[in-house]
file input29.cif (mmCIF, C-alpha atoms)
data_protein
loop_
_atom_site.label_atom_id
_atom_site.label_comp_id
_atom_site.auth_asym_id
_atom_site.auth_seq_id
_atom_site.Cartn_x
_atom_site.Cartn_y
_atom_site.Cartn_z
CA MET A 261 -77.54 -13.74 21.42
CA ASP A 262 -77.93 -10.83 23.86
CA ASN A 263 -75.14 -8.31 24.47
CA ASP A 264 -73.85 -9.89 27.71
CA LYS A 265 -73.57 -13.31 26.14
CA LEU A 266 -71.86 -11.80 23.09
CA ILE A 267 -69.27 -10.09 25.30
CA HIS A 268 -68.66 -13.34 27.21
CA PHE A 269 -68.28 -15.26 23.94
CA LYS A 270 -65.77 -12.74 22.59
CA ASN A 271 -63.77 -12.89 25.82
CA THR A 272 -63.49 -16.66 25.65
CA ILE A 273 -62.34 -16.75 22.01
CA PRO A 274 -58.60 -16.16 22.72
CA LYS A 275 -58.61 -19.07 25.20
CA LYS A 276 -60.20 -21.37 22.65
CA LEU A 277 -57.87 -20.42 19.84
CA SER A 278 -54.79 -22.55 19.30
CA GLY A 279 -52.25 -22.90 16.58
CA PHE A 280 -48.80 -22.36 18.07
CA ILE A 281 -46.34 -24.78 16.49
CA GLU A 282 -43.08 -25.56 18.25
CA PRO A 283 -40.15 -24.01 16.33
CA GLU A 284 -38.10 -27.22 16.39
CA LEU A 285 -40.74 -28.95 14.27
CA PHE A 286 -39.89 -26.63 11.36
CA LEU A 287 -36.28 -27.84 11.59
CA LYS A 288 -37.30 -31.47 12.02
CA TYR A 289 -39.37 -31.48 8.83
CA GLU A 290 -36.99 -29.15 6.96
CA VAL A 291 -39.68 -26.55 6.40
CA LYS A 292 -38.42 -23.41 4.69
CA ARG A 293 -40.32 -20.81 6.69
CA GLY A 294 -41.22 -17.85 4.53
CA LEU A 295 -39.89 -19.89 1.58
CA ARG A 296 -36.39 -19.00 2.73
CA ASP A 297 -33.40 -21.22 3.53
CA VAL A 298 -31.74 -21.05 6.94
CA ASP A 299 -29.08 -18.74 5.46
CA GLY A 300 -31.80 -16.34 4.29
CA HIS A 301 -31.71 -17.16 0.58
CA GLY A 302 -35.08 -17.50 -1.11
CA VAL A 303 -36.18 -20.98 -2.13
CA LEU A 304 -36.12 -21.23 -5.93
CA VAL A 305 -39.73 -21.70 -7.07
CA GLY A 306 -39.76 -20.27 -10.58
CA LEU A 307 -37.96 -18.70 -13.52
CA THR A 308 -38.38 -15.21 -14.93
CA GLU A 309 -36.95 -12.99 -17.65
CA ILE A 310 -38.36 -9.76 -16.21
CA SER A 311 -35.81 -8.67 -13.65
CA GLN A 312 -32.73 -9.81 -11.76
CA VAL A 313 -31.95 -9.11 -8.13
CA ASN A 314 -28.52 -10.19 -6.92
CA ALA A 315 -26.24 -9.43 -3.98
CA SER A 316 -23.36 -11.88 -4.31
CA ILE A 317 -20.79 -13.37 -6.65
CA VAL A 318 -19.29 -16.84 -6.79
CA LYS A 319 -15.51 -16.95 -6.54
CA ASN A 320 -13.49 -20.16 -6.09
CA ASN A 321 -16.75 -22.02 -5.50
CA LYS A 322 -17.60 -19.67 -2.63
CA THR A 323 -20.48 -17.23 -2.49
CA ILE A 324 -19.19 -13.78 -1.58
CA PRO A 325 -21.34 -10.73 -0.74
CA ALA A 326 -21.15 -8.01 -3.40
CA PRO A 327 -22.78 -4.63 -4.10
CA GLY A 328 -26.42 -5.14 -5.00
CA VAL A 329 -27.46 -5.55 -8.62
CA LEU A 330 -30.90 -4.81 -10.08
CA LYS A 331 -31.63 -5.30 -13.77
CA TYR A 332 -34.85 -4.74 -15.68
CA ARG A 333 -34.95 -7.07 -18.70
CA GLY A 334 -31.16 -7.44 -18.48
CA ILE A 335 -30.49 -3.68 -18.31
CA SER A 336 -28.89 -2.42 -15.11
CA ILE A 337 -31.03 0.03 -13.18
CA GLU A 338 -28.08 2.47 -13.17
CA ASN A 339 -27.85 2.51 -16.97
CA LEU A 340 -31.60 2.77 -17.38
CA VAL A 341 -31.81 5.76 -15.02
CA ASP A 342 -28.73 7.46 -16.51
CA GLY A 343 -30.24 7.08 -19.98
CA PHE A 344 -33.43 9.04 -19.49
CA LEU A 345 -31.98 11.53 -16.99
CA LYS A 346 -29.18 12.52 -19.37
CA ASP A 347 -31.84 13.25 -21.98
CA GLY A 348 -33.81 15.29 -19.45
CA ARG A 349 -36.78 12.95 -19.87
CA PHE A 350 -39.15 11.27 -17.44
CA GLY A 351 -38.52 7.54 -17.31
CA PHE A 352 -41.49 5.74 -15.78
CA GLU A 353 -43.42 5.30 -19.02
CA GLU A 354 -40.28 4.00 -20.76
CA THR A 355 -39.74 1.61 -17.85
CA CYS A 356 -43.30 0.30 -18.11
CA TYR A 357 -42.78 -0.37 -21.81
CA LEU A 358 -39.51 -2.19 -21.10
CA LEU A 359 -41.07 -4.41 -18.45
CA LEU A 360 -44.15 -5.23 -20.52
CA PHE A 361 -42.52 -5.74 -23.93
CA SER A 362 -39.01 -6.89 -22.87
CA GLU A 363 -37.18 -4.25 -24.91
CA LEU A 364 -36.57 -0.51 -24.91
CA PRO A 365 -38.98 1.42 -27.12
CA LYS A 366 -37.93 3.37 -30.18
CA LYS A 367 -38.93 7.04 -30.26
CA ASP A 368 -42.18 6.47 -32.13
CA GLU A 369 -43.02 3.43 -30.00
CA LEU A 370 -42.51 5.39 -26.79
CA LYS A 371 -44.61 8.25 -28.17
CA ASN A 372 -47.44 5.91 -29.13
CA PHE A 373 -47.26 4.01 -25.82
CA THR A 374 -47.29 7.24 -23.79
CA GLY A 375 -50.19 8.49 -25.88
CA LEU A 376 -52.13 5.30 -25.23
CA LEU A 377 -51.56 5.59 -21.47
CA SER A 378 -52.82 9.19 -21.63
CA LYS A 379 -55.93 8.01 -23.48
CA TYR A 380 -56.54 5.31 -20.85
CA ARG A 381 -55.95 7.76 -17.98
CA ASN A 382 -59.59 8.41 -17.20
CA LEU A 383 -62.43 7.05 -15.10
CA PRO A 384 -66.18 7.40 -15.65
CA ASP A 385 -67.68 10.25 -13.61
CA ASP A 386 -70.19 7.95 -11.94
CA PHE A 387 -67.38 5.56 -11.01
CA VAL A 388 -65.42 8.29 -9.24
CA ARG A 389 -68.56 9.49 -7.48
CA ASP A 390 -69.99 6.11 -6.48
CA MET A 391 -66.88 4.00 -5.83
CA ILE A 392 -64.45 6.57 -4.42
CA LEU A 393 -66.26 9.65 -3.14
CA LYS A 394 -69.35 7.96 -1.67
CA MET A 395 -67.31 5.33 0.17
CA PRO A 396 -64.19 7.10 1.47
CA SER A 397 -61.76 4.85 3.30
CA LYS A 398 -59.26 5.78 6.00
CA ASN A 399 -56.77 3.54 4.22
CA ILE A 400 -56.25 4.32 0.55
CA MET A 401 -54.88 0.83 -0.16
CA ASN A 402 -58.28 -0.60 0.73
CA SER A 403 -60.19 1.93 -1.35
CA LEU A 404 -57.78 1.24 -4.22
CA ALA A 405 -58.38 -2.51 -3.99
CA ARG A 406 -62.14 -1.94 -3.90
CA SER A 407 -61.93 0.31 -6.97
CA ILE A 408 -59.89 -2.29 -8.84
CA LEU A 409 -62.49 -4.98 -8.14
CA ALA A 410 -65.24 -2.59 -9.21
CA LEU A 411 -63.55 -2.04 -12.58
CA TYR A 412 -64.34 -5.68 -13.30
CA SER A 413 -68.02 -4.77 -13.60
CA ILE A 414 -67.43 -2.23 -16.38
CA ASP A 415 -65.09 -4.44 -18.43
CA ASP A 416 -66.99 -6.47 -21.05
CA LYS A 417 -63.99 -8.80 -21.37
CA ALA A 418 -63.13 -9.05 -17.68
CA GLU A 419 -62.86 -12.86 -17.74
CA ASP A 420 -60.77 -13.01 -20.92
CA THR A 421 -57.34 -14.18 -19.71
CA SER A 422 -55.63 -14.23 -23.10
CA ALA A 423 -52.25 -12.50 -23.05
CA SER A 424 -53.38 -9.79 -25.47
CA ASN A 425 -56.47 -8.89 -23.47
CA VAL A 426 -54.61 -9.00 -20.15
CA LEU A 427 -51.99 -6.66 -21.64
CA GLU A 428 -54.70 -4.11 -22.46
CA GLN A 429 -56.26 -4.50 -19.00
CA CYS A 430 -52.88 -3.98 -17.37
CA MET A 431 -52.11 -0.89 -19.43
CA ARG A 432 -55.44 0.61 -18.39
CA LEU A 433 -54.64 -0.14 -14.75
CA ILE A 434 -51.16 1.39 -15.03
CA ALA A 435 -52.79 4.52 -16.46
CA CYS A 436 -55.60 4.72 -13.88
CA PHE A 437 -53.75 3.84 -10.66
CA PRO A 438 -52.57 7.46 -10.10
CA LEU A 439 -56.13 8.76 -10.43
CA MET A 440 -57.61 6.24 -8.01
CA VAL A 441 -54.84 6.91 -5.48
CA VAL A 442 -55.09 10.71 -5.59
CA TYR A 443 -58.91 10.71 -5.65
CA GLY A 444 -58.90 8.20 -2.79
CA TYR A 445 -56.76 10.56 -0.77
CA GLN A 446 -58.90 13.58 -1.63
CA ALA A 447 -62.00 11.69 -0.45
CA LEU A 448 -60.24 10.75 2.79
CA SER A 449 -59.02 14.30 3.30
CA HIS A 450 -62.48 15.76 2.74
CA TYR A 451 -64.78 13.33 4.51
CA HIS A 452 -62.53 12.29 7.39
CA ASN A 453 -60.35 15.40 7.89
CA ASN A 454 -62.85 18.12 6.85
CA ASN A 455 -60.63 19.61 4.14
CA ASN A 456 -61.82 20.96 0.80
CA LEU A 457 -62.66 18.35 -1.82
CA LEU A 458 -60.43 18.72 -4.87
CA ILE A 459 -60.95 16.47 -7.90
CA ARG A 460 -58.85 17.51 -10.85
CA SER A 461 -58.71 15.64 -14.18
CA PRO A 462 -55.24 14.63 -15.44
CA LEU A 463 -53.65 16.38 -18.41
CA GLU A 464 -52.74 14.35 -21.49
CA GLU A 465 -49.42 16.10 -22.02
CA LEU A 466 -48.12 15.36 -18.52
CA SER A 467 -46.17 12.32 -17.37
CA THR A 468 -47.41 10.00 -14.62
CA ALA A 469 -45.27 11.75 -11.99
CA GLU A 470 -46.31 15.22 -13.16
CA ASN A 471 -49.98 14.29 -13.11
CA ILE A 472 -49.75 12.98 -9.54
CA LEU A 473 -48.38 16.32 -8.33
CA TYR A 474 -50.76 18.28 -10.58
CA MET A 475 -53.86 16.44 -9.29
CA LEU A 476 -52.73 16.34 -5.66
CA ARG A 477 -51.66 19.92 -4.96
CA ASP A 478 -54.12 22.70 -4.26
CA ASP A 479 -52.37 25.05 -6.69
CA SER A 480 -51.45 22.24 -9.15
CA LYS A 481 -47.90 23.65 -9.37
CA TYR A 482 -44.59 21.75 -9.11
CA THR A 483 -40.95 22.19 -10.13
CA LYS A 484 -39.08 20.10 -12.68
CA LEU A 485 -36.82 18.78 -9.90
CA GLU A 486 -39.84 17.66 -7.85
CA ALA A 487 -41.42 15.83 -10.78
CA THR A 488 -38.06 14.30 -11.79
CA ILE A 489 -37.45 12.83 -8.33
CA LEU A 490 -40.99 11.46 -8.03
CA ASP A 491 -40.59 9.91 -11.49
CA LEU A 492 -37.28 8.40 -10.35
CA ALA A 493 -39.00 6.94 -7.28
CA LEU A 494 -41.59 5.29 -9.55
CA VAL A 495 -38.87 3.79 -11.74
CA LEU A 496 -36.94 2.41 -8.76
CA HIS A 497 -40.07 0.83 -7.25
CA ALA A 498 -41.52 -0.51 -10.52
CA GLU A 499 -40.17 -4.04 -10.26
CA HIS A 500 -38.06 -6.17 -7.97
CA GLY A 501 -37.97 -9.80 -9.07
CA GLY A 502 -40.61 -12.52 -8.83
CA GLY A 503 -39.88 -13.45 -5.23
CA ASN A 504 -41.07 -10.36 -3.36
CA ASN A 505 -44.31 -11.00 -1.52
CA SER A 506 -46.78 -9.08 -3.69
CA THR A 507 -45.28 -10.26 -6.98
CA PHE A 508 -45.31 -13.85 -5.78
CA VAL A 509 -48.98 -13.34 -4.89
CA THR A 510 -49.49 -12.15 -8.47
CA HIS A 511 -48.00 -15.40 -9.79
CA VAL A 512 -49.98 -17.55 -7.33
CA ILE A 513 -53.38 -16.03 -8.13
CA THR A 514 -52.66 -15.89 -11.86
CA SER A 515 -51.73 -19.59 -11.83
CA SER A 516 -55.27 -20.40 -10.65
CA GLY A 517 -56.72 -18.87 -13.84
CA SER A 518 -58.32 -15.92 -12.07
CA ASP A 519 -59.11 -12.55 -13.69
CA THR A 520 -56.78 -9.55 -13.77
CA TYR A 521 -58.76 -7.45 -11.30
CA SER A 522 -58.80 -10.19 -8.65
CA VAL A 523 -55.06 -10.74 -9.11
CA ILE A 524 -54.12 -7.08 -8.72
CA ALA A 525 -56.45 -6.59 -5.75
CA ALA A 526 -54.72 -9.52 -4.04
CA ALA A 527 -51.29 -8.04 -4.79
CA LEU A 528 -52.44 -4.75 -3.25
CA GLY A 529 -53.47 -6.57 -0.08
CA SER A 530 -49.96 -8.00 0.16
CA LEU A 531 -48.22 -4.68 -0.50
CA LYS A 532 -50.27 -2.99 2.21
CA GLY A 533 -48.48 -4.96 4.93
CA PRO A 534 -45.91 -3.07 7.05
CA LYS A 535 -43.34 -5.78 6.34
CA HIS A 536 -43.61 -4.99 2.62
CA GLY A 537 -44.90 -1.72 1.19
CA GLY A 538 -45.56 0.10 4.45
CA ALA A 539 -41.94 0.20 5.61
CA ASN A 540 -41.16 3.79 4.50
CA ILE A 541 -43.83 5.21 6.82
CA LYS A 542 -42.08 3.54 9.74
CA VAL A 543 -38.76 5.10 8.69
CA VAL A 544 -40.26 8.60 8.72
CA GLN A 545 -41.92 8.02 12.09
CA MET A 546 -38.64 6.71 13.50
CA PHE A 547 -36.80 9.83 12.39
CA GLU A 548 -39.49 12.08 13.85
CA ASP A 549 -38.91 10.38 17.20
CA MET A 550 -35.13 10.58 16.75
CA LYS A 551 -35.22 14.30 16.05
CA GLU A 552 -37.02 14.83 19.36
CA LYS A 553 -34.75 12.57 21.42
CA VAL A 554 -31.35 13.43 19.88
CA SER A 555 -30.33 16.96 20.82
CA ASP A 556 -27.25 17.23 18.57
CA TRP A 557 -27.83 15.78 15.10
CA LYS A 558 -24.09 15.94 14.40
CA ASP A 559 -23.01 14.01 17.49
CA ASP A 560 -22.12 10.46 16.41
CA ALA A 561 -22.07 9.20 19.99
CA GLU A 562 -25.56 10.50 20.77
CA ILE A 563 -26.98 9.08 17.53
CA LYS A 564 -25.35 5.72 18.23
CA GLN A 565 -26.86 5.69 21.71
CA TYR A 566 -30.34 6.31 20.31
CA LEU A 567 -29.91 3.54 17.71
CA LEU A 568 -28.69 1.19 20.43
CA LYS A 569 -31.83 1.92 22.45
CA ILE A 570 -33.93 1.02 19.40
CA LEU A 571 -32.14 -2.33 19.10
CA THR A 572 -32.64 -3.06 22.81
CA LYS A 573 -36.34 -2.18 22.50
CA GLU A 574 -36.05 0.90 24.71
CA ALA A 575 -36.79 3.52 22.05
CA PHE A 576 -39.35 4.33 19.35
CA ASP A 577 -41.89 1.49 18.89
CA LYS A 578 -40.03 -1.07 21.06
CA THR A 579 -39.77 -3.62 18.23
CA GLY A 580 -35.96 -3.65 18.15
CA LEU A 581 -35.93 -2.71 14.46
CA ILE A 582 -34.03 0.12 12.81
CA TYR A 583 -36.40 0.69 9.92
CA GLY A 584 -34.95 1.17 6.46
CA MET A 585 -31.82 -0.81 7.30
CA GLY A 586 -31.32 -4.27 5.87
CA HIS A 587 -32.93 -6.23 3.06
CA ALA A 588 -33.91 -9.83 2.39
CA VAL A 589 -31.46 -10.03 -0.54
CA TYR A 590 -29.08 -7.08 -0.53
CA SER A 591 -26.21 -6.95 1.96
CA ILE A 592 -23.47 -4.51 0.98
CA SER A 593 -25.79 -2.10 -0.83
CA ASP A 594 -29.25 -1.67 -2.34
CA PRO A 595 -28.67 -0.15 -5.81
CA ARG A 596 -32.00 1.69 -5.60
CA ALA A 597 -30.96 3.44 -2.40
CA VAL A 598 -27.56 4.33 -3.88
CA ILE A 599 -29.20 5.96 -6.91
CA PHE A 600 -31.93 7.65 -4.91
CA LYS A 601 -29.53 9.18 -2.39
CA LYS A 602 -27.80 11.27 -5.09
CA TYR A 603 -31.03 13.09 -5.89
CA VAL A 604 -32.45 13.20 -2.36
CA GLY A 605 -29.61 15.53 -1.41
CA ARG A 606 -30.46 17.88 -4.27
CA LEU A 607 -34.10 18.03 -3.27
CA ALA A 608 -33.20 18.56 0.41
CA LYS A 609 -30.97 21.49 -0.55
CA ALA A 610 -33.75 23.03 -2.65
CA LYS A 611 -36.18 22.64 0.27
CA GLY A 612 -33.77 23.97 2.90
CA LEU A 613 -33.65 20.61 4.67
CA GLU A 614 -29.93 19.85 4.43
CA ASP A 615 -29.58 19.27 8.18
CA GLU A 616 -32.31 16.65 8.08
CA TYR A 617 -30.73 15.01 5.04
CA ASN A 618 -27.36 14.93 6.82
CA LEU A 619 -29.03 13.18 9.77
CA TYR A 620 -30.37 10.49 7.42
CA ALA A 621 -26.93 10.07 5.88
CA LYS A 622 -25.33 9.85 9.33
CA VAL A 623 -27.78 7.15 10.46
CA GLU A 624 -27.12 5.24 7.22
CA GLU A 625 -23.41 5.32 8.11
CA LEU A 626 -23.71 4.46 11.82
CA ALA A 627 -26.59 1.97 11.93
CA PRO A 628 -24.63 -1.00 10.46
CA ILE A 629 -21.89 -0.41 13.05
CA VAL A 630 -24.36 -0.36 15.93
CA ILE A 631 -26.23 -3.42 14.66
CA ALA A 632 -22.98 -5.38 14.29
CA SER A 633 -21.99 -4.48 17.85
CA VAL A 634 -25.00 -6.21 19.42
CA ARG A 635 -26.16 -8.83 16.94
CA LYS A 636 -24.57 -11.65 15.01
CA ILE A 637 -24.88 -10.70 11.35
CA TYR A 638 -24.77 -13.41 8.69
CA LYS A 639 -24.65 -10.90 5.86
CA GLY A 640 -24.03 -7.19 5.58
CA VAL A 641 -26.59 -4.57 6.54
CA SER A 642 -27.17 -1.49 4.42
CA ALA A 643 -29.87 1.08 3.76
CA ASN A 644 -32.69 -0.07 1.51
CA VAL A 645 -34.75 2.09 -0.84
CA ASP A 646 -37.41 2.71 1.84
CA PHE A 647 -34.81 4.44 4.01
CA TYR A 648 -35.00 7.55 1.82
CA SER A 649 -38.33 7.26 -0.01
CA GLY A 650 -40.51 8.44 2.89
CA PHE A 651 -38.24 11.46 3.41
CA VAL A 652 -38.58 12.28 -0.30
CA TYR A 653 -42.37 11.99 -0.21
CA ARG A 654 -42.51 14.28 2.83
CA MET A 655 -40.38 16.88 0.99
CA LEU A 656 -42.74 16.61 -1.99
CA GLY A 657 -45.72 17.30 0.25
CA ILE A 658 -47.16 13.84 -0.35
CA PRO A 659 -49.31 12.85 2.66
CA ASP A 660 -48.25 9.81 4.70
CA GLU A 661 -51.48 8.06 3.73
CA MET A 662 -50.24 8.01 0.12
CA PHE A 663 -46.78 6.54 0.74
CA THR A 664 -47.72 2.89 0.16
CA PRO A 665 -50.26 3.70 -2.60
CA ILE A 666 -47.50 5.55 -4.49
CA PHE A 667 -45.48 2.32 -4.21
CA ALA A 668 -48.47 0.55 -5.81
CA VAL A 669 -48.62 3.12 -8.64
CA ALA A 670 -45.08 2.06 -9.50
CA ARG A 671 -45.27 -1.69 -8.82
CA ILE A 672 -48.39 -2.25 -10.95
CA ALA A 673 -45.92 -2.21 -13.86
CA GLY A 674 -43.98 -5.16 -12.44
CA TRP A 675 -47.11 -7.04 -11.38
CA SER A 676 -48.48 -6.67 -14.91
CA ALA A 677 -45.31 -8.04 -16.50
CA HIS A 678 -45.28 -11.03 -14.14
CA ARG A 679 -48.97 -11.79 -14.69
CA ILE A 680 -48.45 -11.83 -18.43
CA GLU A 681 -45.33 -14.00 -18.06
CA GLU A 682 -47.26 -16.52 -15.93
CA ILE A 683 -50.05 -16.65 -18.53
CA ILE A 684 -47.69 -17.05 -21.49
CA ASN A 685 -45.85 -19.93 -19.83
CA ASN A 686 -49.13 -21.62 -18.85
CA GLY A 687 -47.62 -23.04 -15.68
CA LYS A 688 -49.22 -25.38 -13.18
CA ILE A 689 -51.32 -23.95 -10.38
CA ILE A 690 -48.95 -23.00 -7.57
CA ARG A 691 -49.68 -25.29 -4.65
CA PRO A 692 -46.94 -25.81 -2.05
CA ALA A 693 -47.41 -28.36 0.72
CA TYR A 694 -48.09 -27.97 4.44
CA LYS A 695 -47.45 -30.91 6.77
CA CYS A 696 -50.03 -31.45 9.50
CA VAL A 697 -48.37 -31.99 12.90
CA SER A 698 -51.46 -32.20 15.08
CA GLY A 699 -52.30 -35.41 16.92
CA ASN A 700 -55.43 -37.51 16.51
CA SER A 701 -58.61 -36.57 18.38
CA THR A 702 -61.81 -38.42 19.11
CA TYR A 703 -65.24 -37.04 18.34
CA ILE A 704 -67.30 -36.58 21.54
CA PRO A 705 -71.09 -36.40 21.23
CA LEU A 706 -72.53 -33.02 22.12
CA SER A 707 -74.38 -34.42 25.12
CA ASP A 708 -71.10 -35.68 26.65
CA ARG A 709 -69.00 -32.54 26.24
#
call {"tool": "encode", "arguments": {"input": "input29.cif", "output": "structure tokens"}}
result
Amino acid sequence: MDNDKLIHFKNTIPKKLSGFIEPELFLKYEVKRGLRDVDGHGVLVGLTEISQVNASIVKNNKTIPAPGVLKYRGISIENLVDGFLKDGRFGFEETCYLLLFSELPKKDELKNFTGLLSKYRNLPDDFVRDMILKMPSKNIMNSLARSILALYSIDDKAEDTSASNVLEQCMRLIACFPLMVVYGYQALSHYHNNNNLLIRSPLEELSTAENILYMLRDDSKYTKLEATILDLALVLHAEHGGGNNSTFVTHVITSSGSDTYSVIAAALGSLKGPKHGGANIKVVQMFEDMKEKVSDWKDDAEIKQYLLKILTKEAFDKTGLIYGMGHAVYSISDPRAVIFKKYVGRLAKAKGLEDEYNLYAKVEELAPIVIASVRKIYKGVSANVDFYSGFVYRMLGIPDEMFTPIFAVARIAGWSAHRIEEIINNGKIIRPAYKCVSGNSTYIPLSDR
């Protein structure tokens, strides 16, 4: 096919494509679009012991919105965070242990587990060179997925889906995700942005959060507060129930009997989407636009006017969305955002960015009011964890390209726990139904078309 014919063919493709389904048909056949009821509640498709996400209570046989609840293995996220922060410890490794083994580790168990992660925190030199540096990607999520699939080829037991082998595979992935993310960024920065190439090996004595900052920064230096807040971000993003998109993907692919590397690569593809893991980048971009358009960051009326223009598709990206506000489950509050906010303020003060932090806090306060003034709200609207996470990453000097990959570094812990749970319970392959609503057609011979 010559170039002119190719261009003509490409131009005719949109006209030939079809697939629009009338919205009323979804109601007629009682299809739960997005596996969600009309009231927004997720359709119950499975059982889990890993984590609980709740935003309501039942009183007098009525469901009433309540402050959001998040529990890892039955332990509230507030108590888990308070526990390790009061001891002055980093908590991500402890959280990984809890999610994988369903109980908090004793001192020696935590020491041994952390030591094992440190041992696993390495990649072969030729792997880093050939899979990451020789094929730099402009999107780290894609390079991360490619690296995960490539690890299959160096695992002698890659197809062994026994729970014990999958546990070891998952622990190795938890340990190596930070390396593949940071190295993926360094390759991008060097080959696409002409910056110096910096590949630094992790240190055994450092935590996951510390190693990320150590490997990422040119001078390898960081403060205890910086590492503590990054560690907290990892803990808060580590798990969020079986129904979120990427975790559900983990269950679906696992149920087919596929290998660990294929499962996690699929979950990464889901998390990459802007409706899932990419939301915090949109929040940061929205605030950058807001800071240019709003002259007085302390003027409630001016901020409200800007937010109103967002809702009416006159400002920012014209989608009508105030990013970082609202959640599929939470209404009154997202417990992760509530916890995070306490420490975001401390970091902002240390960085001299209190005015910017106050703007975030003001938008968190005013956005629900503005939304309620123009839209019918069936449940409350509050800030979600992504509202503050991008701001935190910016203050930590983490490049925008790493925002979603950092989410993946945390969520691999939850994905691993759910994969193992699916294997242990040996469930049926997940296969929901789609009803065909197209009419009948008659085959026409090629000569008559």
call {"tool": "axis_aligned_box", "arguments": {"input": "input29.cif", "around": "segment 698-708 of chain A", "padding_each_side": "6 Å", "output": "AutoDock Vina command-line options"}}
result
--center_x -62.9 --center_y -35.3 --center_z 20.9 --size_x 34.9 --size_y 18.2 --size_z 23.6
call {"tool": "resolve_selection", "arguments": {"input": "input29.cif", "expression": "the PyMOL selection byres ((chain A and resi 648) around 12)", "output": "PyMOL selection string"}}
result
chain A and resi 489+493+496+539-544+547+583-585+594+596-605+607-608+616-621+623-624+643-647+649-655+663
call {"tool": "resolve_selection", "arguments": {"input": "input29.cif", "expression": "the PyMOL selection byres ((chain A and resi 626-639) around 7)", "output": "list in words"}}
result
Lys564, Leu567, Leu568, Ser591, Lys622, Val623, Glu624, Glu625, Gly640, Val641 and Ser642 of chain A
call {"tool": "write_last_selection", "arguments": {"input": "input29.cif", "atoms": "C-alpha atoms", "output": "PDB file, keeping the file's coordinate frame"}}
result
ATOM      1  CA  LYS A 564     -25.350   5.720  18.230  1.00  0.00           C
ATOM      2  CA  LEU A 567     -29.910   3.540  17.710  1.00  0.00           C
ATOM      3  CA  LEU A 568     -28.690   1.190  20.430  1.00  0.00           C
ATOM      4  CA  SER A 591     -26.210  -6.950   1.960  1.00  0.00           C
ATOM      5  CA  LYS A 622     -25.330   9.850   9.330  1.00  0.00           C
ATOM      6  CA  VAL A 623     -27.780   7.150  10.460  1.00  0.00           C
ATOM      7  CA  GLU A 624     -27.120   5.240   7.220  1.00  0.00           C
ATOM      8  CA  GLU A 625     -23.410   5.320   8.110  1.00  0.00           C
ATOM      9  CA  GLY A 640     -24.030  -7.190   5.580  1.00  0.00           C
ATOM     10  CA  VAL A 641     -26.590  -4.570   6.540  1.00  0.00           C
ATOM     11  CA  SER A 642     -27.170  -1.490   4.420  1.00  0.00           C
TER      12      SER A 642
END
call {"tool": "atom_distance", "arguments": {"input": "input29.cif", "atom1": "atom CA of Trp675 of chain A", "atom2": "atom CA of Asn382 of chain A"}}
result
20.7 Å
call {"tool": "residues_around", "arguments": {"input": "input29.cif", "residues": "Asn456 of chain A", "least_positions_apart": "2", "cutoff": "12 Å", "atoms": "all atoms listed in the file", "output": "compact mmCIF listing (two decimals) with C-alpha atoms, in the coordinates of the input"}}
result
# COMPACT_ATOMS: atom_id res chain seq x y z
CA TYR A 445 -56.76 10.56 -0.77
CA GLN A 446 -58.90 13.58 -1.63
CA ALA A 447 -62.00 11.69 -0.45
CA LEU A 448 -60.24 10.75 2.79
CA SER A 449 -59.02 14.30 3.30
CA HIS A 450 -62.48 15.76 2.74
CA TYR A 451 -64.78 13.33 4.51
CA HIS A 452 -62.53 12.29 7.39
CA ASN A 453 -60.35 15.40 7.89
CA ASN A 454 -62.85 18.12 6.85
CA LEU A 458 -60.43 18.72 -4.87
CA ILE A 459 -60.95 16.47 -7.90
CA ARG A 477 -51.66 19.92 -4.96
CA ASP A 478 -54.12 22.70 -4.26
call {"tool": "atom_distance", "arguments": {"input": "input29.cif", "atom1": "atom CA of Ser522 of chain A", "atom2": "atom CA of Leu473 of chain A"}}
result
28.5 Å
call {"tool": "resolve_selection", "arguments": {"input": "input29.cif", "expression": "the PyMOL selection byres ((chain A and resi 427) around 12)", "output": "short mmCIF file (atom, residue, chain, number, x, y, z; two decimals) with C-alpha atoms, in the coordinates of the input"}}
result
data_model
loop_
_atom_site.label_atom_id
_atom_site.label_comp_id
_atom_site.auth_asym_id
_atom_site.auth_seq_id
_atom_site.Cartn_x
_atom_site.Cartn_y
_atom_site.Cartn_z
CA CYS A 356 -43.30 0.30 -18.11
CA TYR A 357 -42.78 -0.37 -21.81
CA LEU A 359 -41.07 -4.41 -18.45
CA LEU A 360 -44.15 -5.23 -20.52
CA PHE A 361 -42.52 -5.74 -23.93
CA ASP A 420 -60.77 -13.01 -20.92
CA THR A 421 -57.34 -14.18 -19.71
CA SER A 422 -55.63 -14.23 -23.10
CA ALA A 423 -52.25 -12.50 -23.05
CA SER A 424 -53.38 -9.79 -25.47
CA ASN A 425 -56.47 -8.89 -23.47
CA VAL A 426 -54.61 -9.00 -20.15
CA GLU A 428 -54.70 -4.11 -22.46
CA GLN A 429 -56.26 -4.50 -19.00
CA CYS A 430 -52.88 -3.98 -17.37
CA MET A 431 -52.11 -0.89 -19.43
CA ARG A 432 -55.44 0.61 -18.39
CA LEU A 433 -54.64 -0.14 -14.75
CA ILE A 434 -51.16 1.39 -15.03
CA THR A 520 -56.78 -9.55 -13.77
CA ALA A 673 -45.92 -2.21 -13.86
CA TRP A 675 -47.11 -7.04 -11.38
CA SER A 676 -48.48 -6.67 -14.91
CA ALA A 677 -45.31 -8.04 -16.50
CA HIS A 678 -45.28 -11.03 -14.14
CA ARG A 679 -48.97 -11.79 -14.69
CA ILE A 680 -48.45 -11.83 -18.43
CA GLU A 681 -45.33 -14.00 -18.06
CA ILE A 683 -50.05 -16.65 -18.53
CA ILE A 684 -47.69 -17.05 -21.49
#
